[in-house]
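One file, protein27.cif, is given below (mmCIF, C-alpha atoms and all ligand atoms).
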```cif
data_run
#
loop_
_atom_site.group_PDB
_atom_site.id
_atom_site.type_symbol
_atom_site.label_atom_id
_atom_site.label_comp_id
_atom_site.auth_asym_id
_atom_site.auth_seq_id
_atom_site.Cartn_x
_atom_site.Cartn_y
_atom_site.Cartn_z
ATOM 1 C CA MET A 19 13.367 -15.327 -1.746
ATOM 2 C CA THR A 20 14.583 -17.448 1.134
ATOM 3 C CA PRO A 21 12.839 -20.733 1.875
ATOM 4 C CA ALA A 22 12.107 -19.598 5.399
ATOM 5 C CA HIS A 23 10.045 -16.706 4.141
ATOM 6 C CA GLY A 24 8.337 -18.199 1.133
ATOM 7 C CA SER A 25 4.916 -17.340 -0.128
ATOM 8 C CA GLY A 26 1.890 -18.633 1.747
ATOM 9 C CA VAL A 27 4.054 -18.324 4.781
ATOM 10 C CA SER A 28 1.433 -18.910 7.460
ATOM 11 C CA VAL A 29 -0.551 -21.588 5.814
ATOM 12 C CA GLU A 30 1.720 -24.552 5.531
ATOM 13 C CA GLY A 31 -0.349 -27.686 5.621
ATOM 14 C CA GLY A 32 -3.449 -25.571 5.704
ATOM 15 C CA VAL A 33 -2.837 -24.682 9.358
ATOM 16 C CA ASP A 34 -2.699 -21.114 10.554
ATOM 17 C CA LEU A 35 0.638 -20.840 12.320
ATOM 18 C CA ASP A 36 -0.032 -17.521 13.985
ATOM 19 C CA THR A 37 0.620 -18.888 17.468
ATOM 20 C CA PRO A 38 3.089 -17.464 20.027
ATOM 21 C CA ILE A 39 5.507 -20.373 19.612
ATOM 22 C CA ALA A 40 5.409 -20.228 15.840
ATOM 23 C CA ARG A 41 5.946 -16.495 16.014
ATOM 24 C CA ALA A 42 8.914 -16.841 18.315
ATOM 25 C CA ALA A 43 10.421 -19.494 16.049
ATOM 26 C CA ARG A 44 10.002 -17.306 13.025
ATOM 27 C CA ALA A 45 11.425 -14.277 14.814
ATOM 28 C CA ALA A 46 14.450 -16.372 15.803
ATOM 29 C CA MET A 47 14.909 -17.441 12.202
ATOM 30 C CA THR A 48 14.682 -13.869 11.051
ATOM 31 C CA VAL A 49 17.375 -12.853 13.505
ATOM 32 C CA ARG A 50 19.676 -15.707 12.558
ATOM 33 C CA GLU A 51 19.315 -15.158 8.875
ATOM 34 C CA PRO A 52 22.188 -12.972 7.714
ATOM 35 C CA GLU A 53 20.238 -9.841 6.972
ATOM 36 C CA SER A 54 22.140 -8.452 4.092
ATOM 37 C CA GLY A 55 21.392 -5.071 5.547
ATOM 38 C CA ASP A 56 19.561 -2.576 3.478
ATOM 39 C CA TRP A 57 17.568 -3.340 0.382
ATOM 40 C CA PRO A 58 18.373 -1.719 -2.941
ATOM 41 C CA ARG A 59 17.012 1.749 -3.553
ATOM 42 C CA PRO A 60 15.421 2.608 -6.898
ATOM 43 C CA SER A 61 17.391 4.921 -9.159
ATOM 44 C CA ARG A 62 14.610 7.490 -8.819
ATOM 45 C CA CYS A 63 11.501 7.958 -6.757
ATOM 46 C CA ARG A 64 8.803 5.369 -7.448
ATOM 47 C CA VAL A 65 5.335 6.857 -7.110
ATOM 48 C CA MET A 66 2.793 4.107 -6.575
ATOM 49 C CA SER A 67 -0.965 4.314 -6.168
ATOM 50 C CA VAL A 68 -2.456 1.571 -4.067
ATOM 51 C CA ALA A 69 -5.875 1.215 -5.617
ATOM 52 C CA ASN A 70 -8.936 -0.997 -5.792
ATOM 53 C CA GLN A 71 -12.391 0.522 -5.716
ATOM 54 C CA LYS A 72 -13.576 -2.202 -3.388
ATOM 55 C CA GLY A 73 -13.423 -1.418 0.295
ATOM 56 C CA GLY A 74 -11.822 -3.769 2.769
ATOM 57 C CA VAL A 75 -9.461 -5.548 0.387
ATOM 58 C CA GLY A 76 -6.298 -4.470 2.197
ATOM 59 C CA LYS A 77 -5.294 -1.230 0.434
ATOM 60 C CA THR A 78 -4.496 0.652 3.618
ATOM 61 C CA THR A 79 -2.925 -2.319 5.372
ATOM 62 C CA THR A 80 -0.752 -2.923 2.332
ATOM 63 C CA THR A 81 0.259 0.736 1.986
ATOM 64 C CA VAL A 82 1.211 1.081 5.628
ATOM 65 C CA ASN A 83 3.085 -2.185 6.024
ATOM 66 C CA ILE A 84 4.914 -2.126 2.695
ATOM 67 C CA ALA A 85 5.935 1.462 3.449
ATOM 68 C CA ALA A 86 7.144 0.552 6.942
ATOM 69 C CA SER A 87 9.067 -2.479 5.631
ATOM 70 C CA LEU A 88 10.819 -0.457 2.941
ATOM 71 C CA ALA A 89 11.693 2.280 5.413
ATOM 72 C CA MET A 90 13.066 -0.264 7.893
ATOM 73 C CA HIS A 91 15.430 -1.449 5.173
ATOM 74 C CA GLY A 92 17.016 1.816 4.251
ATOM 75 C CA ASN A 93 14.516 3.235 1.778
ATOM 76 C CA ARG A 94 13.057 6.699 2.266
ATOM 77 C CA VAL A 95 9.296 6.498 2.010
ATOM 78 C CA VAL A 96 6.364 8.911 2.063
ATOM 79 C CA VAL A 97 2.823 7.644 2.572
ATOM 80 C CA VAL A 98 0.154 9.937 1.160
ATOM 81 C CA ASP A 99 -3.227 9.253 2.707
ATOM 82 C CA LEU A 100 -5.802 10.030 0.033
ATOM 83 C CA ASP A 101 -8.760 8.401 1.758
ATOM 84 C CA PRO A 102 -11.038 10.719 3.770
ATOM 85 C CA GLN A 103 -11.411 7.867 6.278
ATOM 86 C CA GLY A 104 -7.775 8.515 7.189
ATOM 87 C CA ASN A 105 -7.035 4.928 8.155
ATOM 88 C CA ALA A 106 -3.441 5.065 6.934
ATOM 89 C CA SER A 107 -2.864 8.212 8.985
ATOM 90 C CA THR A 108 -4.282 6.504 12.058
ATOM 91 C CA ALA A 109 -2.191 3.398 11.525
ATOM 92 C CA LEU A 110 0.935 5.546 11.290
ATOM 93 C CA GLY A 111 0.054 7.509 14.409
ATOM 94 C CA ALA A 112 -0.435 10.782 12.532
ATOM 95 C CA ASP A 113 -2.542 13.572 13.965
ATOM 96 C CA ARG A 114 -5.739 13.802 11.963
ATOM 97 C CA THR A 115 -7.882 15.983 14.112
ATOM 98 C CA GLU A 116 -10.015 18.468 12.266
ATOM 99 C CA GLY A 117 -8.132 21.557 11.184
ATOM 100 C CA VAL A 118 -4.727 19.841 10.940
ATOM 101 C CA ARG A 119 -3.010 20.801 7.668
ATOM 102 C CA SER A 120 -3.293 17.766 5.475
ATOM 103 C CA ILE A 121 -3.367 16.413 1.939
ATOM 104 C CA TYR A 122 -6.623 18.320 1.498
ATOM 105 C CA HIS A 123 -4.722 21.608 1.683
ATOM 106 C CA CYS A 124 -2.206 20.386 -0.899
ATOM 107 C CA LEU A 125 -4.980 19.449 -3.299
ATOM 108 C CA VAL A 126 -7.329 22.358 -2.839
ATOM 109 C CA GLU A 127 -5.110 25.222 -1.645
ATOM 110 C CA GLY A 128 -1.816 24.292 -3.265
ATOM 111 C CA GLU A 129 -0.045 23.875 0.095
ATOM 112 C CA ASP A 130 3.510 22.489 -0.073
ATOM 113 C CA LEU A 131 3.574 18.756 0.497
ATOM 114 C CA ILE A 132 6.723 19.042 2.566
ATOM 115 C CA LYS A 133 4.912 21.226 5.075
ATOM 116 C CA VAL A 134 2.328 18.548 5.805
ATOM 117 C CA ALA A 135 4.570 15.455 5.688
ATOM 118 C CA HIS A 136 5.231 14.356 9.253
ATOM 119 C CA PRO A 137 7.866 11.851 10.381
ATOM 120 C CA VAL A 138 6.372 8.603 11.669
ATOM 121 C CA ALA A 139 7.308 7.750 15.275
ATOM 122 C CA ASP A 140 9.725 4.841 15.759
ATOM 123 C CA ILE A 141 10.326 4.344 12.024
ATOM 124 C CA PRO A 142 13.118 6.523 10.662
ATOM 125 C CA ASN A 143 12.911 7.259 6.920
ATOM 126 C CA LEU A 144 9.105 7.139 6.930
ATOM 127 C CA TRP A 145 6.808 10.148 6.594
ATOM 128 C CA CYS A 146 3.042 10.432 6.446
ATOM 129 C CA VAL A 147 0.934 13.066 4.734
ATOM 130 C CA PRO A 148 -2.290 12.723 6.696
ATOM 131 C CA ALA A 149 -5.898 12.899 5.602
ATOM 132 C CA THR A 150 -8.472 14.519 7.823
ATOM 133 C CA ILE A 151 -12.207 14.712 7.561
ATOM 134 C CA ASP A 152 -11.728 17.821 5.361
ATOM 135 C CA LEU A 153 -10.895 15.485 2.510
ATOM 136 C CA ALA A 154 -14.448 14.137 2.494
ATOM 137 C CA GLY A 155 -15.575 17.284 0.672
ATOM 138 C CA ALA A 156 -12.642 17.377 -1.719
ATOM 139 C CA GLU A 157 -14.195 15.013 -4.225
ATOM 140 C CA ILE A 158 -16.850 17.686 -4.851
ATOM 141 C CA GLU A 159 -14.661 20.755 -4.360
ATOM 142 C CA LEU A 160 -12.155 19.471 -6.896
ATOM 143 C CA VAL A 161 -14.780 19.410 -9.632
ATOM 144 C CA SER A 162 -14.740 23.181 -10.023
ATOM 145 C CA LEU A 163 -10.974 23.627 -9.717
ATOM 146 C CA VAL A 164 -8.536 24.158 -12.558
ATOM 147 C CA ALA A 165 -6.666 20.993 -13.544
ATOM 148 C CA ARG A 166 -8.825 19.016 -11.183
ATOM 149 C CA GLU A 167 -7.327 15.667 -12.174
ATOM 150 C CA SER A 168 -3.734 16.720 -11.680
ATOM 151 C CA ARG A 169 -3.738 18.561 -8.378
ATOM 152 C CA LEU A 170 -1.805 15.802 -6.641
ATOM 153 C CA LYS A 171 0.654 15.520 -9.499
ATOM 154 C CA ARG A 172 1.302 19.226 -9.174
ATOM 155 C CA ALA A 173 1.823 18.910 -5.432
ATOM 156 C CA LEU A 174 4.287 16.052 -5.906
ATOM 157 C CA GLY A 175 6.006 17.881 -8.760
ATOM 158 C CA ALA A 176 6.767 20.810 -6.479
ATOM 159 C CA TYR A 177 8.312 18.467 -3.909
ATOM 160 C CA ASP A 178 12.009 17.623 -4.101
ATOM 161 C CA THR A 179 11.914 13.842 -4.405
ATOM 162 C CA SER A 180 15.604 13.396 -5.197
ATOM 163 C CA GLU A 181 16.147 11.876 -1.757
ATOM 164 C CA ILE A 182 12.844 9.980 -1.622
ATOM 165 C CA ASP A 183 12.665 6.379 -2.853
ATOM 166 C CA TYR A 184 8.947 5.645 -2.654
ATOM 167 C CA ILE A 185 5.743 7.611 -2.466
ATOM 168 C CA LEU A 186 2.839 5.284 -1.710
ATOM 169 C CA ILE A 187 -0.626 6.740 -2.178
ATOM 170 C CA ASP A 188 -3.441 5.063 -0.265
ATOM 171 C CA CYS A 189 -6.573 5.488 -2.394
ATOM 172 C CA PRO A 190 -10.186 5.616 -1.233
ATOM 173 C CA PRO A 191 -12.555 2.779 -2.182
ATOM 174 C CA SER A 192 -13.946 4.492 -5.269
ATOM 175 C CA LEU A 193 -12.881 5.482 -8.736
ATOM 176 C CA GLY A 194 -13.720 9.137 -8.227
ATOM 177 C CA LEU A 195 -11.564 12.238 -8.605
ATOM 178 C CA LEU A 196 -9.297 11.412 -5.670
ATOM 179 C CA THR A 197 -8.328 8.078 -7.180
ATOM 180 C CA VAL A 198 -7.952 9.718 -10.588
ATOM 181 C CA ASN A 199 -5.591 12.252 -8.985
ATOM 182 C CA ALA A 200 -3.564 9.372 -7.552
ATOM 183 C CA MET A 201 -3.340 7.687 -10.937
ATOM 184 C CA VAL A 202 -2.336 10.874 -12.692
ATOM 185 C CA ALA A 203 0.388 11.483 -10.107
ATOM 186 C CA ALA A 204 1.762 7.933 -10.151
ATOM 187 C CA GLU A 205 3.696 5.810 -12.589
ATOM 188 C CA GLU A 206 2.706 2.559 -10.990
ATOM 189 C CA VAL A 207 -0.478 1.043 -9.654
ATOM 190 C CA LEU A 208 -0.339 -1.563 -6.914
ATOM 191 C CA ILE A 209 -3.575 -3.530 -6.663
ATOM 192 C CA PRO A 210 -4.253 -5.548 -3.518
ATOM 193 C CA ILE A 211 -6.673 -8.376 -4.193
ATOM 194 C CA GLN A 212 -8.434 -10.117 -1.364
ATOM 195 C CA CYS A 213 -8.531 -13.885 -1.767
ATOM 196 C CA GLU A 214 -12.292 -14.310 -1.502
ATOM 197 C CA TYR A 215 -15.316 -15.014 -3.612
ATOM 198 C CA TYR A 216 -16.065 -11.652 -5.168
ATOM 199 C CA ALA A 217 -12.409 -10.711 -5.473
ATOM 200 C CA LEU A 218 -12.374 -10.422 -9.235
ATOM 201 C CA GLU A 219 -15.700 -8.685 -9.509
ATOM 202 C CA GLY A 220 -15.204 -5.045 -10.379
ATOM 203 C CA LEU A 221 -11.590 -5.591 -11.313
ATOM 204 C CA GLY A 222 -12.457 -5.072 -14.973
ATOM 205 C CA GLN A 223 -13.747 -1.628 -14.149
ATOM 206 C CA LEU A 224 -10.530 -0.783 -12.320
ATOM 207 C CA LEU A 225 -8.452 -1.951 -15.280
ATOM 208 C CA ARG A 226 -10.559 0.090 -17.686
ATOM 209 C CA ASN A 227 -10.079 3.151 -15.513
ATOM 210 C CA VAL A 228 -6.326 2.678 -15.474
ATOM 211 C CA GLU A 229 -6.493 2.413 -19.255
ATOM 212 C CA LEU A 230 -8.584 5.592 -19.518
ATOM 213 C CA VAL A 231 -6.161 7.540 -17.354
ATOM 214 C CA ARG A 232 -3.267 6.203 -19.392
ATOM 215 C CA THR A 233 -4.879 7.211 -22.680
ATOM 216 C CA HIS A 234 -6.046 10.657 -21.702
ATOM 217 C CA LEU A 235 -4.095 11.909 -18.733
ATOM 218 C CA ASN A 236 -0.948 9.940 -17.889
ATOM 219 C CA PRO A 237 0.680 7.843 -20.630
ATOM 220 C CA GLY A 238 3.378 6.727 -18.169
ATOM 221 C CA LEU A 239 0.951 4.815 -15.950
ATOM 222 C CA ALA A 240 1.157 1.028 -15.603
ATOM 223 C CA ILE A 241 -0.115 -1.647 -13.275
ATOM 224 C CA SER A 242 3.165 -2.897 -11.861
ATOM 225 C CA THR A 243 2.244 -4.980 -8.862
ATOM 226 C CA ILE A 244 -0.575 -7.206 -7.651
ATOM 227 C CA LEU A 245 -0.589 -8.465 -4.068
ATOM 228 C CA LEU A 246 -2.841 -11.238 -2.823
ATOM 229 C CA THR A 247 -4.094 -10.378 0.654
ATOM 230 C CA MET A 248 -5.977 -12.005 3.517
ATOM 231 C CA TYR A 249 -5.203 -15.458 2.220
ATOM 232 C CA ASP A 250 -6.837 -18.214 4.246
ATOM 233 C CA GLY A 251 -5.005 -21.422 3.488
ATOM 234 C CA ARG A 252 -7.738 -23.538 5.024
ATOM 235 C CA THR A 253 -10.117 -22.783 2.193
ATOM 236 C CA ARG A 254 -9.910 -24.098 -1.337
ATOM 237 C CA LEU A 255 -11.564 -20.924 -2.474
ATOM 238 C CA ALA A 256 -8.548 -18.819 -1.493
ATOM 239 C CA SER A 257 -6.177 -20.915 -3.553
ATOM 240 C CA GLN A 258 -8.598 -20.934 -6.476
ATOM 241 C CA VAL A 259 -8.783 -17.149 -6.418
ATOM 242 C CA ALA A 260 -4.993 -16.938 -6.156
ATOM 243 C CA ASP A 261 -4.581 -19.285 -9.132
ATOM 244 C CA GLU A 262 -7.045 -17.304 -11.191
ATOM 245 C CA VAL A 263 -5.318 -14.008 -10.414
ATOM 246 C CA ARG A 264 -1.931 -15.478 -11.312
ATOM 247 C CA GLU A 265 -3.325 -16.866 -14.547
ATOM 248 C CA HIS A 266 -4.649 -13.481 -15.501
ATOM 249 C CA PHE A 267 -1.844 -11.201 -14.322
ATOM 250 C CA GLY A 268 1.178 -13.496 -14.511
ATOM 251 C CA GLU A 269 4.425 -11.885 -13.437
ATOM 252 C CA LEU A 270 2.741 -8.822 -11.976
ATOM 253 C CA VAL A 271 1.579 -10.897 -9.016
ATOM 254 C CA LEU A 272 4.091 -10.982 -6.183
ATOM 255 C CA ASP A 273 5.140 -14.496 -5.125
ATOM 256 C CA THR A 274 4.456 -13.601 -1.533
ATOM 257 C CA VAL A 275 0.880 -13.972 -0.378
ATOM 258 C CA VAL A 276 -0.280 -12.135 2.740
ATOM 259 C CA PRO A 277 -2.107 -14.488 5.084
ATOM 260 C CA ARG A 278 -4.989 -13.571 7.307
ATOM 261 C CA SER A 279 -3.431 -12.664 10.612
ATOM 262 C CA VAL A 280 -5.104 -11.283 13.686
ATOM 263 C CA ARG A 281 -2.007 -9.247 14.525
ATOM 264 C CA VAL A 282 -2.340 -7.359 11.227
ATOM 265 C CA SER A 283 -5.845 -6.252 12.103
ATOM 266 C CA GLU A 284 -4.912 -5.343 15.691
ATOM 267 C CA ALA A 285 -1.951 -3.111 14.850
ATOM 268 C CA PRO A 286 -3.846 -0.004 13.612
ATOM 269 C CA SER A 287 -5.694 0.444 16.884
ATOM 270 C CA TYR A 288 -2.288 0.930 18.511
ATOM 271 C CA GLY A 289 -1.360 3.553 15.915
ATOM 272 C CA GLN A 290 1.244 1.183 14.513
ATOM 273 C CA SER A 291 2.093 -0.904 11.512
ATOM 274 C CA VAL A 292 2.285 -4.623 12.203
ATOM 275 C CA MET A 293 6.001 -4.321 11.416
ATOM 276 C CA THR A 294 6.531 -2.613 14.764
ATOM 277 C CA TYR A 295 3.521 -4.038 16.621
ATOM 278 C CA ASP A 296 4.508 -7.675 16.107
ATOM 279 C CA PRO A 297 7.390 -8.104 13.661
ATOM 280 C CA GLY A 298 7.489 -11.884 14.075
ATOM 281 C CA SER A 299 3.829 -12.429 13.176
ATOM 282 C CA THR A 300 2.958 -14.178 9.938
ATOM 283 C CA GLY A 301 1.424 -10.998 8.555
ATOM 284 C CA ALA A 302 4.508 -8.907 9.295
ATOM 285 C CA VAL A 303 6.861 -11.495 7.824
ATOM 286 C CA ALA A 304 4.744 -11.706 4.665
ATOM 287 C CA TYR A 305 4.552 -7.935 4.226
ATOM 288 C CA MET A 306 8.303 -7.711 4.751
ATOM 289 C CA GLU A 307 8.837 -10.325 2.065
ATOM 290 C CA ALA A 308 6.407 -8.639 -0.352
ATOM 291 C CA ALA A 309 8.211 -5.327 0.158
ATOM 292 C CA ARG A 310 11.543 -6.978 -0.501
ATOM 293 C CA GLU A 311 10.197 -8.367 -3.783
ATOM 294 C CA MET A 312 9.105 -4.861 -4.737
ATOM 295 C CA ALA A 313 12.461 -3.358 -3.807
ATOM 296 C CA VAL A 314 14.332 -5.946 -5.860
ATOM 297 C CA ALA A 315 11.996 -5.521 -8.839
ATOM 298 C CA GLY A 316 12.307 -1.741 -8.606
ATOM 299 C CA ALA A 317 16.090 -1.842 -8.561
ATOM 300 C CA ALA A 318 16.074 -3.952 -11.728
ATOM 301 C CA GLN A 319 14.027 -1.376 -13.650
HETATM 302 P P1 LIG A 401 -9.057 -1.138 2.473
HETATM 303 O O1 LIG A 401 -8.060 -0.064 2.725
HETATM 304 O O2 LIG A 401 -8.933 -1.744 1.115
HETATM 305 O O3 LIG A 401 -10.450 -0.715 2.773
HETATM 306 P P2 LIG A 401 -7.978 -2.363 4.864
HETATM 307 O O4 LIG A 401 -6.513 -2.414 4.657
HETATM 308 O O5 LIG A 401 -8.493 -1.246 5.725
HETATM 309 O O6 LIG A 401 -8.726 -2.358 3.467
HETATM 310 O O7 LIG A 401 -8.431 -3.773 5.442
HETATM 311 C C1 LIG A 401 -9.787 -4.039 5.755
HETATM 312 C C2 LIG A 401 -9.868 -4.721 7.116
HETATM 313 O O8 LIG A 401 -9.229 -5.989 7.045
HETATM 314 C C3 LIG A 401 -9.185 -3.963 8.218
HETATM 315 O O9 LIG A 401 -9.921 -4.103 9.396
HETATM 316 C C4 LIG A 401 -7.832 -4.636 8.349
HETATM 317 O O10 LIG A 401 -7.312 -4.544 9.652
HETATM 318 C C5 LIG A 401 -8.180 -6.079 7.996
HETATM 319 N N1 LIG A 401 -7.053 -6.775 7.375
HETATM 320 C C6 LIG A 401 -6.329 -6.376 6.310
HETATM 321 N N2 LIG A 401 -5.374 -7.276 5.998
HETATM 322 C C7 LIG A 401 -5.500 -8.275 6.907
HETATM 323 C C8 LIG A 401 -4.819 -9.511 7.121
HETATM 324 N N3 LIG A 401 -3.797 -9.899 6.359
HETATM 325 N N4 LIG A 401 -5.232 -10.306 8.147
HETATM 326 C C9 LIG A 401 -6.266 -9.907 8.933
HETATM 327 N N5 LIG A 401 -6.944 -8.786 8.781
HETATM 328 C C10 LIG A 401 -6.583 -7.958 7.776
HETATM 329 MG MG MG A 402 -8.368 1.946 3.193
#
```

As structure tokens, what does this structure read like?
Amino acid sequence: MTPAHGSGVSVEGGVDLDTPIARAARAAMTVREPESGDWPRPSRCRVMSVANQKGGVGKTTTTVNIAASLAMHGNRVVVVDLDPQGNASTALGADRTEGVRSIYHCLVEGEDLIKVAHPVADIPNLWCVPATIDLAGAEIELVSLVARESRLKRALGAYDTSEIDYILIDCPPSLGLLTVNAMVAAEEVLIPIQCEYYALEGLGQLLRNVELVRTHLNPGLAISTILLTMYDGRTRLASQVADEVREHFGELVLDTVVPRSVRVSEAPSYGQSVMTYDPGSTGAVAYMEAAREMAVAGAAQ
């Protein structure tokens, strides 16, 4: 990690540096820094579920911006939107009007994933498998289907991933069948944790679920990555939560912490990741750095 892009990037001295001048300065630094070009690619496709049954902790934001960062540095990335809300699809500018062929059709009708993976505008190497409102019923429809827990795994298995580096699955805020499908299909779980008071509440349940899936359905599953999100350096609470998470999860926690940044929350309404919407913003720089940590860790595996 370079000093210019260290963790807690926006919160030096407890001040939010998300101002136009600070952004311009950071963008200039990014340009000057000898970008060593592309990041390493993993030796085989990494399938990661981005999960936390709490809503609003940054799952979708993390999925979209990590995916965009990896793709912008030479990795080939597919985002699978597994949340009926379809926020990842929206943020990546994917068509999610009713009737569009989507992840629902892969899960329920056995449609080929490749047929519903659409290239994301302005970001080469990035594809999105959208979710539409159809997916809202899938949680119930899946119950009566054969191999209901492994429908997504089957869909991914039929997909030639030899040229794909990452598949990031954006999970819904529940531990229902959709999330179980994600965990059965993945080898890694990425858990975003919001740096606020109730952050750790419910985490035990998530960990137990991962353990259950590992024992009964997918022995290859592991929590590989924890990312602290929406960090507000002005509060002691945020740093206390961060400390507690690091104490508990140790090395799994990325050094980079994603600060609260208005630009991050604005980007989706423009159908963009913050990486293209405002690449010099504190949020974009932090997500870029977090993605680089993941790429380096993945290459070392
Ligand atoms: P989840 O997918 O877990 O429900 P989201 O990624 O949708 O969570 O984030 C919840 C809300 O918080 C969204 O409105 C999003 O724009 C906002 N948000 C996420 N990360 C940040 C951040 N670093 N700074 C500011 N707002 C954020
Ligand atoms: Mg979401």

Identify which of the residues A:Ser61, A:Asn70, A:Thr300, A:Thr150 lies closest to A:Arg114, counting only C-alpha atoms when measuring atom-to-atom distances.
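Going through A:Ser61, A:Asn70, A:Thr300, A:Thr150 one by one, the smallest distance to A:Arg114 is for A:Thr150.
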
Please enumerate the residues selected by the PyMOL selection byres (((chain A and resi 140) around 10) and not hetatm) when evaluated against the supplied file, formatted as a list in words.
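That expression, the PyMOL selection byres (((chain A and resi 140) around 10) and not hetatm), corresponds here to Met90, Leu110, Pro137, Val138, Ala139, Ile141, Pro142, Asn143, Leu144, Gln290 and Thr294 of chain A.
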
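Considering only C-alpha atoms and all ligand atoms, every residue of the polymer chains approaching ligand MG 402 (chain A) to 6 Å or closer is listed here: A:Lys77, A:Thr78, A:Asn105.
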
May I have the residues within 7 Å of ligand LIG 401 (chain A), computed using all atoms listed in the file, as a PyMOL selection string?
chain A and resi 70+72-80+105+191+247-248+276-280+282-284+286+301

I would like the residues chosen by the PyMOL selection byres (((chain A and resi 315) around 12) and not hetatm) on the shown file; could you give them as a VMD selection string?
chain A and resid 57 to 61 64 242 to 243 269 to 273 308 to 314 316 to 319

Selection in question (the file shown): the PyMOL selection byres (((chain A and resi 94) around 9) and not hetatm). Which residues does it include, as a PDB file with C-alpha atoms, in the frame of the given file?
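Produced file selection-v9.pdb, reproduced below:
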```pdb
ATOM      1  CA  ARG A  59      17.012   1.749  -3.553  1.00  0.00           C
ATOM      2  CA  ALA A  85       5.935   1.462   3.449  1.00  0.00           C
ATOM      3  CA  LEU A  88      10.819  -0.457   2.941  1.00  0.00           C
ATOM      4  CA  ALA A  89      11.693   2.280   5.413  1.00  0.00           C
ATOM      5  CA  MET A  90      13.066  -0.264   7.893  1.00  0.00           C
ATOM      6  CA  HIS A  91      15.430  -1.449   5.173  1.00  0.00           C
ATOM      7  CA  GLY A  92      17.016   1.816   4.251  1.00  0.00           C
ATOM      8  CA  ASN A  93      14.516   3.235   1.778  1.00  0.00           C
ATOM      9  CA  VAL A  95       9.296   6.498   2.010  1.00  0.00           C
ATOM     10  CA  VAL A  96       6.364   8.911   2.063  1.00  0.00           C
ATOM     11  CA  PRO A 142      13.118   6.523  10.662  1.00  0.00           C
ATOM     12  CA  ASN A 143      12.911   7.259   6.920  1.00  0.00           C
ATOM     13  CA  LEU A 144       9.105   7.139   6.930  1.00  0.00           C
ATOM     14  CA  TRP A 145       6.808  10.148   6.594  1.00  0.00           C
ATOM     15  CA  GLU A 181      16.147  11.876  -1.757  1.00  0.00           C
ATOM     16  CA  ILE A 182      12.844   9.980  -1.622  1.00  0.00           C
ATOM     17  CA  ASP A 183      12.665   6.379  -2.853  1.00  0.00           C
ATOM     18  CA  TYR A 184       8.947   5.645  -2.654  1.00  0.00           C
ATOM     19  CA  ILE A 185       5.743   7.611  -2.466  1.00  0.00           C
TER      20      ILE A 185
END
```

Between atom CA of A:Leu245 and atom CA of A:Pro210, measure the distance and give it in Å to one decimal.
4.7 Å
